[in-house]
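K.L.:
Take a look at upload03.pdb, PDB, C-alpha atoms:
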ATOM      1  CA  MET A   6      65.952  92.226  64.882
ATOM      2  CA  ILE A   7      67.441  91.729  68.340
ATOM      3  CA  GLU A   8      65.068  90.359  70.973
ATOM      4  CA  VAL A   9      66.148  90.260  74.623
ATOM      5  CA  SER A  10      63.826  88.426  77.003
ATOM      6  CA  GLN A  11      64.093  88.327  80.813
ATOM      7  CA  LEU A  12      67.890  88.463  80.706
ATOM      8  CA  SER A  13      69.731  88.116  84.021
ATOM      9  CA  LYS A  14      73.371  87.667  84.935
ATOM     10  CA  SER A  15      74.780  86.986  88.395
ATOM     11  CA  TYR A  16      78.298  86.609  89.749
ATOM     12  CA  GLY A  17      77.839  84.799  93.028
ATOM     13  CA  ASN A  18      75.713  87.092  95.174
ATOM     14  CA  ILE A  19      76.218  90.052  92.822
ATOM     15  CA  ILE A  20      73.387  90.634  90.357
ATOM     16  CA  ALA A  21      74.824  92.483  87.349
ATOM     17  CA  LEU A  22      71.692  92.209  85.203
ATOM     18  CA  ASP A  23      68.190  91.709  86.545
ATOM     19  CA  ASN A  24      65.314  90.489  84.323
ATOM     20  CA  VAL A  25      65.996  92.820  81.388
ATOM     21  CA  SER A  26      63.768  92.702  78.309
ATOM     22  CA  PHE A  27      63.659  94.859  75.158
ATOM     23  CA  THR A  28      63.600  94.639  71.355
ATOM     24  CA  ALA A  29      65.678  96.466  68.746
ATOM     25  CA  LYS A  30      63.949  96.343  65.360
ATOM     26  CA  SER A  31      65.506  96.610  61.922
ATOM     27  CA  GLY A  32      66.154 100.249  61.040
ATOM     28  CA  GLU A  33      66.005 101.304  64.687
ATOM     29  CA  ILE A  34      68.559 102.526  67.211
ATOM     30  CA  PHE A  35      67.733 101.240  70.679
ATOM     31  CA  GLY A  36      69.649 102.984  73.452
ATOM     32  CA  LEU A  37      70.681 101.673  76.848
ATOM     33  CA  LEU A  38      71.329 104.796  78.912
ATOM     34  CA  GLY A  39      72.850 104.559  82.348
ATOM     35  CA  PRO A  40      75.869 105.353  84.505
ATOM     36  CA  ASN A  41      79.081 103.349  84.577
ATOM     37  CA  GLY A  42      78.462 100.057  86.352
ATOM     38  CA  ALA A  43      74.740 100.033  85.579
ATOM     39  CA  GLY A  44      74.874  96.755  83.629
ATOM     40  CA  LYS A  45      75.159  98.058  80.078
ATOM     41  CA  SER A  46      78.342  96.189  79.151
ATOM     42  CA  THR A  47      77.076  93.021  80.833
ATOM     43  CA  ALA A  48      73.976  93.216  78.640
ATOM     44  CA  ILE A  49      76.094  93.669  75.494
ATOM     45  CA  ASN A  50      78.340  90.746  76.452
ATOM     46  CA  CYS A  51      75.335  88.469  77.040
ATOM     47  CA  ILE A  52      73.655  89.525  73.783
ATOM     48  CA  SER A  53      76.835  88.923  71.779
ATOM     49  CA  GLY A  54      77.492  85.563  73.419
ATOM     50  CA  LEU A  55      80.794  86.633  74.966
ATOM     51  CA  ILE A  56      79.392  85.569  78.324
ATOM     52  CA  SER A  57      76.517  83.256  79.171
ATOM     53  CA  ALA A  58      73.415  84.678  80.792
ATOM     54  CA  SER A  59      72.243  83.176  84.071
ATOM     55  CA  GLU A  60      68.641  83.346  82.894
ATOM     56  CA  GLY A  61      66.680  84.548  79.899
ATOM     57  CA  SER A  62      67.227  84.430  76.153
ATOM     58  CA  VAL A  63      68.575  86.485  73.251
ATOM     59  CA  GLY A  64      67.394  86.170  69.666
ATOM     60  CA  ILE A  65      69.262  87.693  66.696
ATOM     61  CA  ASN A  66      67.430  87.510  63.369
ATOM     62  CA  GLY A  67      65.455  84.576  64.710
ATOM     63  CA  TYR A  68      68.452  82.608  66.020
ATOM     64  CA  ASN A  69      69.033  82.020  69.706
ATOM     65  CA  ILE A  70      72.524  83.157  70.736
ATOM     66  CA  ALA A  71      72.867  80.221  73.152
ATOM     67  CA  ASN A  72      71.559  77.414  70.935
ATOM     68  CA  ASP A  73      72.434  78.677  67.438
ATOM     69  CA  ALA A  74      75.477  80.808  68.183
ATOM     70  CA  THR A  75      77.158  80.469  64.780
ATOM     71  CA  LYS A  76      74.076  81.463  62.798
ATOM     72  CA  ALA A  77      73.212  84.260  65.224
ATOM     73  CA  LYS A  78      76.716  85.740  65.086
ATOM     74  CA  GLN A  79      76.865  85.669  61.280
ATOM     75  CA  SER A  80      74.536  88.653  61.171
ATOM     76  CA  LEU A  81      76.013  90.421  64.204
ATOM     77  CA  GLY A  82      78.581  93.185  64.517
ATOM     78  CA  LEU A  83      80.171  94.183  67.825
ATOM     79  CA  VAL A  84      82.047  97.336  68.828
ATOM     80  CA  PRO A  85      83.380  96.655  72.334
ATOM     81  CA  GLN A  86      84.643  99.266  74.787
ATOM     82  CA  ASP A  87      88.144  97.813  74.556
ATOM     83  CA  LEU A  88      89.800  98.346  71.196
ATOM     84  CA  ALA A  89      90.150  95.178  69.082
ATOM     85  CA  LEU A  90      92.975  96.398  66.813
ATOM     86  CA  TYR A  91      96.533  95.427  65.945
ATOM     87  CA  GLU A  92      98.617  98.512  66.700
ATOM     88  CA  GLU A  93     101.595  97.546  64.516
ATOM     89  CA  LEU A  94      99.434  97.073  61.432
ATOM     90  CA  SER A  95      98.016  99.855  59.283
ATOM     91  CA  ALA A  96      94.328 100.706  59.255
ATOM     92  CA  HIS A  97      94.002  98.977  55.872
ATOM     93  CA  GLU A  98      95.777  95.856  57.143
ATOM     94  CA  ASN A  99      93.511  95.692  60.190
ATOM     95  CA  LEU A 100      90.484  95.842  57.916
ATOM     96  CA  LEU A 101      91.948  93.157  55.642
ATOM     97  CA  PHE A 102      92.385  90.885  58.656
ATOM     98  CA  TRP A 103      88.908  91.373  60.047
ATOM     99  CA  GLY A 104      87.321  91.203  56.604
ATOM    100  CA  SER A 105      88.993  87.829  56.013
ATOM    101  CA  ALA A 106      87.730  86.649  59.392
ATOM    102  CA  TYR A 107      84.202  87.495  58.226
ATOM    103  CA  GLY A 108      84.758  85.436  55.057
ATOM    104  CA  LEU A 109      85.249  88.349  52.666
ATOM    105  CA  SER A 110      87.974  88.359  50.016
ATOM    106  CA  GLY A 111      89.207  89.807  46.751
ATOM    107  CA  SER A 112      87.782  92.895  45.106
ATOM    108  CA  ALA A 113      84.579  92.698  47.151
ATOM    109  CA  LEU A 114      86.583  93.018  50.365
ATOM    110  CA  GLU A 115      88.711  95.854  49.012
ATOM    111  CA  GLN A 116      85.630  97.737  47.837
ATOM    112  CA  ARG A 117      84.024  97.303  51.225
ATOM    113  CA  ILE A 118      87.199  98.452  53.023
ATOM    114  CA  GLN A 119      87.288 101.663  51.023
ATOM    115  CA  GLN A 120      83.602 102.311  51.753
ATOM    116  CA  VAL A 121      83.898 101.940  55.525
ATOM    117  CA  LEU A 122      87.061 104.079  55.564
ATOM    118  CA  VAL A 123      85.087 106.854  53.889
ATOM    119  CA  ASP A 124      82.222 106.353  56.356
ATOM    120  CA  VAL A 125      84.534 106.950  59.335
ATOM    121  CA  GLY A 126      86.700 109.611  57.685
ATOM    122  CA  LEU A 127      89.966 107.629  57.615
ATOM    123  CA  GLU A 128      90.448 107.016  53.893
ATOM    124  CA  SER A 129      93.477 109.351  53.739
ATOM    125  CA  ARG A 130      95.154 107.656  56.715
ATOM    126  CA  GLN A 131      94.611 104.019  55.795
ATOM    127  CA  LYS A 132      98.281 103.172  55.173
ATOM    128  CA  GLU A 133      99.482 104.496  58.546
ATOM    129  CA  ALA A 134     100.193 102.227  61.513
ATOM    130  CA  VAL A 135      97.388 102.258  64.059
ATOM    131  CA  LYS A 136      99.855 103.042  66.857
ATOM    132  CA  GLN A 137     100.238 106.517  65.311
ATOM    133  CA  PHE A 138      96.494 107.203  65.515
ATOM    134  CA  SER A 139      94.792 109.346  68.132
ATOM    135  CA  GLY A 140      92.331 107.713  70.497
ATOM    136  CA  GLY A 141      89.421 109.016  68.466
ATOM    137  CA  MET A 142      90.820 107.659  65.209
ATOM    138  CA  LYS A 143      91.300 104.247  66.807
ATOM    139  CA  ARG A 144      87.669 104.311  67.941
ATOM    140  CA  ARG A 145      86.588 105.078  64.390
ATOM    141  CA  LEU A 146      88.680 102.234  62.989
ATOM    142  CA  ASN A 147      87.324  99.880  65.652
ATOM    143  CA  PHE A 148      83.838 100.764  64.449
ATOM    144  CA  ALA A 149      84.814 100.281  60.792
ATOM    145  CA  CYS A 150      86.085  96.751  61.526
ATOM    146  CA  ALA A 151      82.719  95.816  63.061
ATOM    147  CA  ILE A 152      80.612  96.883  60.058
ATOM    148  CA  LEU A 153      82.742  95.435  57.233
ATOM    149  CA  HIS A 154      80.404  92.481  56.708
ATOM    150  CA  LYS A 155      77.264  94.648  56.675
ATOM    151  CA  PRO A 156      75.747  93.108  59.809
ATOM    152  CA  ALA A 157      71.983  93.102  60.157
ATOM    153  CA  ALA A 158      72.403  93.749  63.880
ATOM    154  CA  LEU A 159      75.068  95.902  65.540
ATOM    155  CA  LEU A 160      76.045  96.200  69.209
ATOM    156  CA  LEU A 161      77.839  99.399  70.254
ATOM    157  CA  ASP A 162      79.239  99.549  73.783
ATOM    158  CA  GLU A 163      80.083 103.162  74.706
ATOM    159  CA  PRO A 164      81.687 103.780  71.264
ATOM    160  CA  THR A 165      82.366 107.492  71.851
ATOM    161  CA  VAL A 166      84.000 107.358  75.293
ATOM    162  CA  GLY A 167      87.059 109.593  75.402
ATOM    163  CA  VAL A 168      86.928 110.654  71.749
ATOM    164  CA  ASP A 169      87.395 114.125  70.304
ATOM    165  CA  PRO A 170      84.366 116.044  68.930
ATOM    166  CA  GLN A 171      85.322 115.369  65.295
ATOM    167  CA  SER A 172      85.566 111.617  65.846
ATOM    168  CA  ARG A 173      82.316 111.612  67.820
ATOM    169  CA  GLU A 174      80.509 113.296  64.936
ATOM    170  CA  HIS A 175      81.963 110.832  62.397
ATOM    171  CA  LEU A 176      80.783 107.921  64.528
ATOM    172  CA  LEU A 177      77.299 109.272  65.163
ATOM    173  CA  GLN A 178      76.758 110.041  61.483
ATOM    174  CA  ALA A 179      77.960 106.555  60.515
ATOM    175  CA  ILE A 180      75.559 104.992  63.032
ATOM    176  CA  ILE A 181      72.641 107.031  61.701
ATOM    177  CA  LYS A 182      73.543 105.898  58.162
ATOM    178  CA  LEU A 183      73.441 102.235  59.257
ATOM    179  CA  LYS A 184      70.012 102.781  60.762
ATOM    180  CA  GLN A 185      68.804 104.265  57.468
ATOM    181  CA  GLN A 186      70.118 101.161  55.699
ATOM    182  CA  GLY A 187      67.981  98.934  57.932
ATOM    183  CA  THR A 188      70.442  97.793  60.583
ATOM    184  CA  ALA A 189      69.129  97.033  64.078
ATOM    185  CA  VAL A 190      71.419  98.887  66.489
ATOM    186  CA  ILE A 191      71.818  98.636  70.253
ATOM    187  CA  TYR A 192      73.720 101.636  71.572
ATOM    188  CA  THR A 193      74.936 101.892  75.153
ATOM    189  CA  THR A 194      76.007 105.242  76.571
ATOM    190  CA  HIS A 195      76.089 107.384  79.686
ATOM    191  CA  TYR A 196      75.937 110.526  77.538
ATOM    192  CA  MET A 197      72.366 111.751  77.789
ATOM    193  CA  GLU A 198      72.805 114.111  74.814
ATOM    194  CA  GLU A 199      73.773 111.254  72.485
ATOM    195  CA  ALA A 200      70.821 109.129  73.553
ATOM    196  CA  GLU A 201      68.408 111.992  72.947
ATOM    197  CA  ARG A 202      69.939 112.742  69.561
ATOM    198  CA  ILE A 203      70.105 109.367  67.837
ATOM    199  CA  CYS A 204      67.914 106.825  69.649
ATOM    200  CA  ASP A 205      64.439 105.920  68.433
ATOM    201  CA  ASN A 206      63.656 104.015  71.616
ATOM    202  CA  LEU A 207      65.668 103.606  74.761
ATOM    203  CA  ALA A 208      65.753 102.184  78.238
ATOM    204  CA  ILE A 209      67.295 103.793  81.294
ATOM    205  CA  ILE A 210      69.187 101.160  83.241
ATOM    206  CA  ASP A 211      70.523 101.389  86.789
ATOM    207  CA  GLN A 212      71.940  98.711  89.086
ATOM    208  CA  GLY A 213      71.125  96.040  86.515
ATOM    209  CA  LYS A 214      67.442  96.935  86.174
ATOM    210  CA  ILE A 215      65.522  98.867  83.542
ATOM    211  CA  ILE A 216      63.822 101.661  85.438
ATOM    212  CA  ALA A 217      62.157 103.415  82.493
ATOM    213  CA  ALA A 218      61.692 102.711  78.784
ATOM    214  CA  GLY A 219      60.081 104.255  75.716
ATOM    215  CA  THR A 220      60.755 106.922  73.130
ATOM    216  CA  VAL A 221      62.564 110.086  74.194
ATOM    217  CA  ASN A 222      59.245 111.936  74.145
ATOM    218  CA  ASP A 223      57.544 109.183  76.167
ATOM    219  CA  LEU A 224      60.200 109.476  78.846
ATOM    220  CA  ARG A 225      60.051 113.255  78.919
ATOM    221  CA  VAL A 226      56.336 113.011  79.661
ATOM    222  CA  GLN A 227      57.259 111.335  82.949
ATOM    223  CA  VAL A 228      59.049 114.530  83.963
ATOM    224  CA  GLY A 229      56.162 116.704  82.819
ATOM    225  CA  GLU A 230      56.090 120.129  81.216
ATOM    226  CA  ARG A 231      58.620 121.528  83.650
ATOM    227  CA  ASP A 232      62.124 122.942  83.534
ATOM    228  CA  LEU A 233      65.136 121.878  85.541
ATOM    229  CA  ILE A 234      66.780 124.527  87.722
ATOM    230  CA  THR A 235      70.231 123.626  89.029
ATOM    231  CA  ILE A 236      71.501 125.847  91.858
ATOM    232  CA  LYS A 237      75.067 125.489  93.108
ATOM    233  CA  GLY A 238      76.484 127.086  96.214
ATOM    234  CA  LEU A 239      77.053 126.494  99.901
ATOM    235  CA  PHE A 240      73.860 125.417 101.640
ATOM    236  CA  LYS A 241      72.877 124.460 105.175
ATOM    237  CA  GLN A 242      69.720 123.733 107.169
ATOM    238  CA  LEU A 243      68.811 121.045 104.642
ATOM    239  CA  ASN A 244      66.381 119.156 106.871
ATOM    240  CA  ASP A 245      63.324 120.955 105.481
ATOM    241  CA  LYS A 246      62.383 121.018 101.775
ATOM    242  CA  THR A 247      58.909 122.397 102.331
ATOM    243  CA  LEU A 248      59.780 126.007 101.501
ATOM    244  CA  LEU A 249      60.778 124.966  97.999
ATOM    245  CA  GLU A 250      57.906 122.527  97.670
ATOM    246  CA  LYS A 251      55.470 125.343  98.497
ATOM    247  CA  LEU A 252      56.565 126.923  95.208
ATOM    248  CA  THR A 253      54.947 123.925  93.456
ATOM    249  CA  ALA A 254      58.414 122.603  92.742
ATOM    250  CA  GLU A 255      59.612 119.014  92.831
ATOM    251  CA  VAL A 256      62.934 118.778  94.650
ATOM    252  CA  LEU A 257      65.218 116.259  92.898
ATOM    253  CA  GLU A 258      68.496 116.967  94.666
ATOM    254  CA  PHE A 259      69.037 118.683  98.011
ATOM    255  CA  SER A 260      72.639 118.686  99.231
ATOM    256  CA  GLU A 261      75.242 121.005 100.699
ATOM    257  CA  GLY A 262      76.614 121.897  97.274
ATOM    258  CA  GLU A 263      73.670 121.586  94.897
ATOM    259  CA  ILE A 264      69.910 121.964  94.747
ATOM    260  CA  ARG A 265      67.917 120.774  91.741
ATOM    261  CA  ILE A 266      64.220 121.317  91.242
ATOM    262  CA  LEU A 267      61.629 120.762  88.538
ATOM    263  CA  ILE A 268      59.278 123.699  88.167
ATOM    264  CA  ALA A 269      56.963 125.122  85.504
ATOM    265  CA  ASP A 270      57.873 128.471  83.885
ATOM    266  CA  ALA A 271      61.339 128.429  85.426
ATOM    267  CA  SER A 272      62.566 131.589  83.706
ATOM    268  CA  LYS A 273      59.642 133.599  85.065
ATOM    269  CA  ARG A 274      59.953 132.168  88.583
ATOM    270  CA  LEU A 275      63.726 132.132  88.953
ATOM    271  CA  THR A 276      63.882 135.245  91.114
ATOM    272  CA  GLU A 277      61.263 133.800  93.442
ATOM    273  CA  VAL A 278      63.172 130.525  93.746
ATOM    274  CA  LEU A 279      66.521 132.216  94.401
ATOM    275  CA  ASN A 280      65.015 134.442  97.068
ATOM    276  CA  VAL A 281      63.771 131.380  98.948
ATOM    277  CA  VAL A 282      67.112 129.567  98.596
ATOM    278  CA  GLU A 283      69.289 132.474  99.715
ATOM    279  CA  LYS A 284      66.981 133.455 102.557
ATOM    280  CA  SER A 285      66.519 129.960 103.971
ATOM    281  CA  TYR A 286      69.366 127.708 102.832
ATOM    282  CA  GLY A 287      72.548 129.617 102.013
ATOM    283  CA  LYS A 288      74.624 131.412  99.415
ATOM    284  CA  VAL A 289      74.126 130.794  95.685
ATOM    285  CA  SER A 290      77.190 130.781  93.408
ATOM    286  CA  GLN A 291      75.814 129.455  90.117
ATOM    287  CA  VAL A 292      72.425 128.893  88.482
ATOM    288  CA  SER A 293      71.326 127.190  85.274
ATOM    289  CA  ILE A 294      67.960 126.459  83.653
ATOM    290  CA  GLN A 295      67.332 123.768  81.073
ATOM    291  CA  GLN A 296      64.432 121.910  79.571
ATOM    292  CA  ALA A 297      63.677 118.743  81.478
ATOM    293  CA  ASN A 298      65.562 115.871  79.879
ATOM    294  CA  LEU A 299      66.571 112.251  80.401
ATOM    295  CA  GLU A 300      69.006 113.126  83.158
ATOM    296  CA  SER A 301      66.183 114.905  84.974
ATOM    297  CA  LEU A 302      64.197 111.691  84.783
ATOM    298  CA  PHE A 303      67.153 109.662  86.048
ATOM    299  CA  ILE A 304      67.488 111.980  89.043
ATOM    300  CA  LYS A 305      63.751 111.766  89.663
ATOM    301  CA  LEU A 306      63.826 107.951  89.628
ATOM    302  CA  THR A 307      67.077 107.346  91.514
ATOM    303  CA  GLY A 308      67.814 110.499  93.479
ATOM    304  CA  ARG A 309      71.214 110.933  91.819
ATOM    305  CA  ALA A 310      72.637 112.415  88.640
ATOM    306  CA  LEU A 311      73.929 110.211  85.835
ATOM    307  CA  ARG A 312      77.412 111.682  86.248
ATOM    308  CA  ASP A 313      77.444 110.909  89.981
ATOM    309  CA  ALA A 314      75.943 107.423  89.886
ATOM    310  CA  ALA A 315      78.259 104.478  90.293
TER     311      ALA A 315
END
Could you show the structure in this file as structure tokens?
P.N.:
Amino acid sequence: MIEVSQLSKSYGNIIALDNVSFTAKSGEIFGLLGPNGAGKSTAINCISGLISASEGSVGINGYNIANDATKAKQSLGLVPQDLALYEELSAHENLLFWGSAYGLSGSALEQRIQQVLVDVGLESRQKEAVKQFSGGMKRRLNFACAILHKPAALLLDEPTVGVDPQSREHLLQAIIKLKQQGTAVIYTTHYMEEAERICDNLAIIDQGKIIAAGTVNDLRVQVGERDLITIKGLFKQLNDKTLLEKLTAEVLEFSEGEIRILIADASKRLTEVLNVVEKSYGKVSQVSIQQANLESLFIKLTGRALRDAA
């Protein structure tokens, strides 16, 4: 179990993390979903003990990361955003090094190396130098190094950033397998689709604060049984939202290039919505409808899209 209580981190007058609390239980994937710069990596660094929190506490399997760092870290695995690999060494040699650092040796280490290579789909490439690997393969090997010692708790900081679809699928399947084996996982991402797919519970974080938390279904309830209509085009006269609001729609975004609304029965009411937009606001170039999701909630709470937030 990983227990985070009232965690804060400041750099002078800059508050990177503000009174954050959550728990990741054994056999559970807890997601931290938010844009770049939201505080996700700061949280991971405080939980792992790489940096000291300004306030609050972190417990890993009952050990406080500040007071019992050695015992806490013995059951912890960390996959940082920056690759922790030796490029000149082969994949197998990297795993030998990290396995030895964890105190593994002999046939037990070799058996474990072969297992994690299979888990990440690199068993046929294990003798090749890491410098010859693609970015996605390096990400997979980085993950394999972190799980060699079968950690009870695992921290994953944006593990799929910039990877190819095949590598992403290998990683997600390996993470799900760890969950099934009882590992407590904290998973940070700004990819809403990943959070919805693999997380049992999650928190949406923005500007260092948790602004919503719960299961995916719990969070969707906050948006309601409505669909998200995204309308792109060239719009003007944006000082009056009332025409859209009269359609019993909630306006989430209202700018010169994009209008987003939440509305019930969107497919049936699309023509009505577009007529209002084109008559009163400007020319429409593109329209999409989707079920309300976590990004819809983020827009509702912050007024901006995950992809646009900084």
K.L.:
Please identify all polymer residues within 9 Å of stretch 12-19 of chain A, counting all atoms listed in the file, omitting same-chain residues fewer than 3 positions from it, and present them as a list in words.
P.N.:
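The neighbour list is Val9, Leu22, Asp23, Asn24, Val25, Ser26, Thr47, Ala48, Cys51, Ser57, Ala58, Ser59, Glu60, Gly61, Ser62, Val63 and Gly213 of chain A.
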K.L.:
Of the candidates A:Val84, A:Leu90, A:Ala179, A:Leu252, which shows the shortest atom-to-atom distance to A:Leu161, using all atoms listed in the file?
P.N.:
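Between A:Val84, A:Leu90, A:Ala179, A:Leu252, the residue approaching A:Leu161 most closely is A:Val84.
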K.L.:
Between A:Leu94, A:Val221, A:Leu233, A:Leu176, which residue has the minimum interatomic distance to A:Asn206, considering only C-alpha atoms?
P.N.:
A:Val221
K.L.:
Of the residues A:Asn298, A:Glu92, A:Glu258, A:Ile236, which is the one nearest to A:Leu275, using all atoms listed in the file?
P.N.:
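When distances to A:Leu275 are compared using all atoms listed in the file, the smallest one comes from A:Ile236.
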K.L.:
Counting all atoms listed in the file, figure out which residue out of A:Asp205, A:Glu8, A:Asp211, A:Glu263 gets nearest to A:Ile70.
P.N.:
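For A:Ile70, the nearest of the given residues is A:Glu8.
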K.L.:
So the first atom is atom CA of A:Ala158 and the second is atom CA of A:Leu38; what is the distance between them in Å, to one decimal place?
P.N.:
18.7 Å
K.L.:
Please report the interatomic distance between atom CA of A:Asn66 and atom CA of A:Gly82 in Å with one decimal.
P.N.:
12.6 Å
K.L.:
Give me the residues near A:Gln242 as a PyMOL selection string, where near means some atom within 10 Å (using all atoms listed in the file) and where sequence neighbours in that chain fewer than 2 positions away do not count.
P.N.:
chain A and resi 240+244-246+260-261+285-287
K.L.:
Return as a list of chain:residue names the set of residues that the PyMOL selection byres ((chain A and resi 291) around 10) yields on the displayed structure.
P.N.:
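Selection result, ordered by chain and number: A:Thr235, A:Ile236, A:Lys237, A:Gly238, A:Glu263, A:Lys288, A:Val289, A:Ser290, A:Val292, A:Ser293.
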K.L.:
In Å, how far is it from atom CA of A:His195 to atom CA of A:Leu81?
P.N.:
23.0 Å
K.L.:
List every protein, DNA or RNA residue that has at least one atom no more than 12 Å from (101.2, 103.7, 68.3) in the file's coordinates, counting all atoms listed in the file, and write the result as a short mmCIF file (atom, residue, chain, number, x, y, z; two decimals) with C-alpha atoms, keeping the file's coordinate frame.
P.N.:
data_model
loop_
_atom_site.label_atom_id
_atom_site.label_comp_id
_atom_site.auth_asym_id
_atom_site.auth_seq_id
_atom_site.Cartn_x
_atom_site.Cartn_y
_atom_site.Cartn_z
CA LEU A 90 92.98 96.40 66.81
CA TYR A 91 96.53 95.43 65.94
CA GLU A 92 98.62 98.51 66.70
CA GLU A 93 101.60 97.55 64.52
CA LEU A 94 99.43 97.07 61.43
CA SER A 95 98.02 99.86 59.28
CA ALA A 96 94.33 100.71 59.26
CA GLU A 133 99.48 104.50 58.55
CA ALA A 134 100.19 102.23 61.51
CA VAL A 135 97.39 102.26 64.06
CA LYS A 136 99.86 103.04 66.86
CA GLN A 137 100.24 106.52 65.31
CA PHE A 138 96.49 107.20 65.52
CA SER A 139 94.79 109.35 68.13
CA GLY A 140 92.33 107.71 70.50
CA MET A 142 90.82 107.66 65.21
CA LYS A 143 91.30 104.25 66.81
#
K.L.:
When distances are computed from only C-alpha atoms, which of A:Ser172, A:Gln295, A:Gln120, A:Ser80 shows the smallest separation from A:Arg145?
P.N.:
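Closest to A:Arg145, using only C-alpha atoms: A:Ser172.
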K.L.:
Find the residues around A:Lys184 up to 12 Å (only C-alpha atoms counted), leave out those fewer than 2 positions away in its own chain, and share them as an mmCIF file with C-alpha atoms, in the coordinates of the input.
P.N.:
data_model
loop_
_atom_site.group_PDB
_atom_site.id
_atom_site.type_symbol
_atom_site.label_atom_id
_atom_site.label_comp_id
_atom_site.auth_asym_id
_atom_site.auth_seq_id
_atom_site.Cartn_x
_atom_site.Cartn_y
_atom_site.Cartn_z
ATOM 1 C CA ALA A 29 65.678 96.466 68.746
ATOM 2 C CA LYS A 30 63.949 96.343 65.360
ATOM 3 C CA SER A 31 65.506 96.610 61.922
ATOM 4 C CA GLY A 32 66.154 100.249 61.040
ATOM 5 C CA GLU A 33 66.005 101.304 64.687
ATOM 6 C CA ILE A 34 68.559 102.526 67.211
ATOM 7 C CA PHE A 35 67.733 101.240 70.679
ATOM 8 C CA LYS A 155 77.264 94.648 56.675
ATOM 9 C CA PRO A 156 75.747 93.108 59.809
ATOM 10 C CA ALA A 157 71.983 93.102 60.157
ATOM 11 C CA ALA A 158 72.403 93.749 63.880
ATOM 12 C CA LEU A 159 75.068 95.902 65.540
ATOM 13 C CA LEU A 177 77.299 109.272 65.163
ATOM 14 C CA GLN A 178 76.758 110.041 61.483
ATOM 15 C CA ALA A 179 77.960 106.555 60.515
ATOM 16 C CA ILE A 180 75.559 104.992 63.032
ATOM 17 C CA ILE A 181 72.641 107.031 61.701
ATOM 18 C CA LYS A 182 73.543 105.898 58.162
ATOM 19 C CA GLN A 186 70.118 101.161 55.699
ATOM 20 C CA GLY A 187 67.981 98.934 57.932
ATOM 21 C CA THR A 188 70.442 97.793 60.583
ATOM 22 C CA ALA A 189 69.129 97.033 64.078
ATOM 23 C CA VAL A 190 71.419 98.887 66.489
ATOM 24 C CA ILE A 191 71.818 98.636 70.253
ATOM 25 C CA TYR A 192 73.720 101.636 71.572
ATOM 26 C CA ILE A 203 70.105 109.367 67.837
ATOM 27 C CA CYS A 204 67.914 106.825 69.649
ATOM 28 C CA ASP A 205 64.439 105.920 68.433
#
K.L.:
Just the residues within 6 Å of A:Ile65, please, counting only C-alpha atoms, with nothing from its chain fewer than 4 positions along; format it as a list in words.
P.N.:
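Everything that qualifies: Met6, Ile7 and Ala77 of chain A.
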K.L.:
Skipping near chain neighbours, those fewer than 5 positions away, what residues fall within 7 Å of A:Ala269 using only C-alpha atoms, listed as a list in words?
P.N.:
Glu230, Arg231 and Asp232 of chain A
K.L.:
Please expand the PyMOL selection byres ((chain A and resi 128) around 12) into the concrete residues it hits in this file, giving the result as a PyMOL selection string.
P.N.:
chain A and resi 95-97+100+117-127+129-133+142+145-146+149
K.L.:
Check what the PyMOL selection byres ((chain A and resi 46) around 10) selects in the file above and give those residues as a PyMOL selection string.
P.N.:
chain A and resi 21-22+37+41-45+47-52+85-86+161-163+193-194
